[in-house]
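**Q** First, the structure itself, so that you have it in front of you.
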Amino acid sequence: MKEIEFIRLYSKKNKSKNLKVAKKKVRLIWESIYEAIDTEGSLTLLNMGMFEKKELRPRKIYIPVNGKMSVSKPKTVVKFRAGKGWVKMVNESGENNE
């Protein structure tokens with residue numbers, strides 16, 4: 001699903017005909033999630049799951065062009081772990097579609 005399809009779905013669920021307003025609301029939700037993860041390091045949503053900031057350490061990589069070994073830079077990524085409620089909901093919706 002692309003972003004515009006999600007915005008249309010969100011707009012339909014809220015019975016709103018203005019896609020610009022729906023897009024602003026979706027962006028505000030995501031910005032709030034990003035800000036919470038950035039300040040606290042993690043965000044737990046009840047029955048959905050947990051977003052957490054994780055530090056990845058540098059690792060050795062091989063560059064085939066020049067045949068040399070190099071070390072990548074450490075970086076920070078956001079991981080999502082699905083909660084039991086989210087997994088249950090997705091599995092039930094998959095059974096209904098079959």
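Chain labels follow the order of the structure tokens: the first chain is A, the next B, and so on; residue numbering restarts at 1 in every chain, and ligands are counted from 1 in their shown order.
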Please provide the set of residues having any atom within 12 Å of Glu55 (chain A), restricted to only C-alpha atoms, with same-chain residues fewer than 4 positions apart removed, written as number ranges by chain.
**A** A: 41, 73-79
**Q** Give me the residues near Phe51 (chain A) as a PyMOL selection string, where near means some atom within 7 Å (using only C-alpha atoms) and where sequence neighbours in that chain fewer than 3 positions away do not count.
**A** chain A and resi 42-44+78-81
**Q** Suppose we keep C-alpha atoms; can you now write the selection as a compact mmCIF listing (two decimals), in the first residue's frame?
**A**
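As written to disk, part_26.txt reads:
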```txt
# COMPACT_ATOMS: atom_id res chain seq x y z
CA SER A 42 11.35 3.86 22.56
CA LEU A 43 7.58 4.03 22.20
CA THR A 44 5.18 1.30 23.28
CA VAL A 78 14.40 2.30 14.45
CA LYS A 79 13.11 -1.24 15.00
CA PHE A 80 9.49 -2.32 15.41
CA ARG A 81 8.49 -5.37 17.41
```
**Q** Which neighbours of region 36-39 of chain A fall inside 7 Å, counting only C-alpha atoms, when residues of the same chain fewer than 4 positions from it are skipped, and could you give them as number ranges by chain?
**A** A: 32, 43, 52-53
**Q** Using only C-alpha atoms, which of A:Met50, A:Trp30, A:Glu92, A:Lys23 sits nearest Glu5 (chain A)?
**A** A:Lys23
**Q** List every residue of region 5-90 of chain A that DSSP, applied to the backbone, labels as strand (DSSP E or B), and write the result as a PyMOL selection string.
**A** chain A and resi 42-45+49-56+60-63+68-71+75-82
**Q** Could you tell me, as a ChimeraX atom specification, which residues of chain A DSSP assigns to helix (DSSP H, G or I) when given the backbone?
**A** /A:3-13,19-40,84-97
**Q** Calculated over only C-alpha atoms, which of the candidates A:Ser72, A:Phe6, A:Arg57, A:Trp86 has the smallest distance to Lys25 (chain A)?
**A** A:Phe6
